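K.L.:
Provided herewith is a single structure, encoded as structure tokens, for subsequent inquiry.
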Amino acid sequence: RIHNGEAKEVTPITVENGTITFSTSEFSTYAIVYTDADKTPGTPSTPGTPSTPGTPSADNGNNTGNGAGTTTTPSSPNTGDMTMRTIMPLAAVMGIALLGAAYVLMARTKKED
């Protein structure tokens, strides 16, 4: 958790049936950190010691380094719903078609009068 600009590990925690539970008395920013031991190069860091910004962290499967000691910035996971990217252009086309139909009907109505 990060509280008043200071990062600390929350303990104790329990993990049961895919649920992480802990107790706290402070309103803070919390994060769940996962480290895959099979992919962690070198010596693991000390638990409870936060890494400083800019320091490369363990590979979480998103890094695509070439293995020669280089580290790339991990990409963000795709968590967005793609439905709106499909619906919005369709809605725009339907709106334009509706405006065009209204214009044609108005033009016909004026000619008949």
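Residues in the structure tokens are numbered from 1 in each chain, the chains being A, B, ... in the order shown, and ligands are numbered from 1 in the order shown.
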Which neighbours of Phe22 in chain A fall inside 12 Å, counting only C-alpha atoms, when residues of the same chain fewer than 3 positions from it are skipped, and could you give them as a ChimeraX atom specification?
P.N.:
/A:1,9-16,19,25-26,30,32
K.L.:
Using only C-alpha atoms, please write the residues we just selected to a file, as a tab-separated table (two decimals), in the first residue's frame.
P.N.:
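Here's the written file part17.tsv:
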chain	number	residue	atom	x	y	z
A	1	ARG	CA	0.00	0.00	0.00
A	9	GLU	CA	3.71	-4.27	2.48
A	10	VAL	CA	0.41	-5.12	4.14
A	11	THR	CA	0.62	-8.11	6.47
A	12	PRO	CA	-0.89	-10.50	7.36
A	13	ILE	CA	-2.81	-11.59	4.30
A	14	THR	CA	-4.76	-14.75	3.57
A	15	VAL	CA	-5.39	-16.29	0.18
A	16	GLU	CA	-8.34	-18.67	-0.10
A	19	THR	CA	-9.58	-14.27	-2.80
A	25	SER	CA	-7.28	0.86	9.44
A	26	GLU	CA	-5.97	3.39	6.89
A	30	TYR	CA	-3.40	-0.57	-2.64
A	32	ILE	CA	-1.52	-6.52	-5.73
K.L.:
Report, in Å with one decimal, the straight-line distance from CA of Ala7 in chain A to CA of Thr24 in chain A.
P.N.:
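Rounded to one decimal, the two atoms are 14.3 Å apart.
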K.L.:
Choose the residue, out of A:Leu90, A:Ile2, A:Met82, A:Ala107, that has the smallest atom-to-atom separation from Thr29 in chain A; count only C-alpha atoms.
P.N.:
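Among A:Leu90, A:Ile2, A:Met82, A:Ala107, it is A:Ile2 that comes nearest to Thr29 in chain A.
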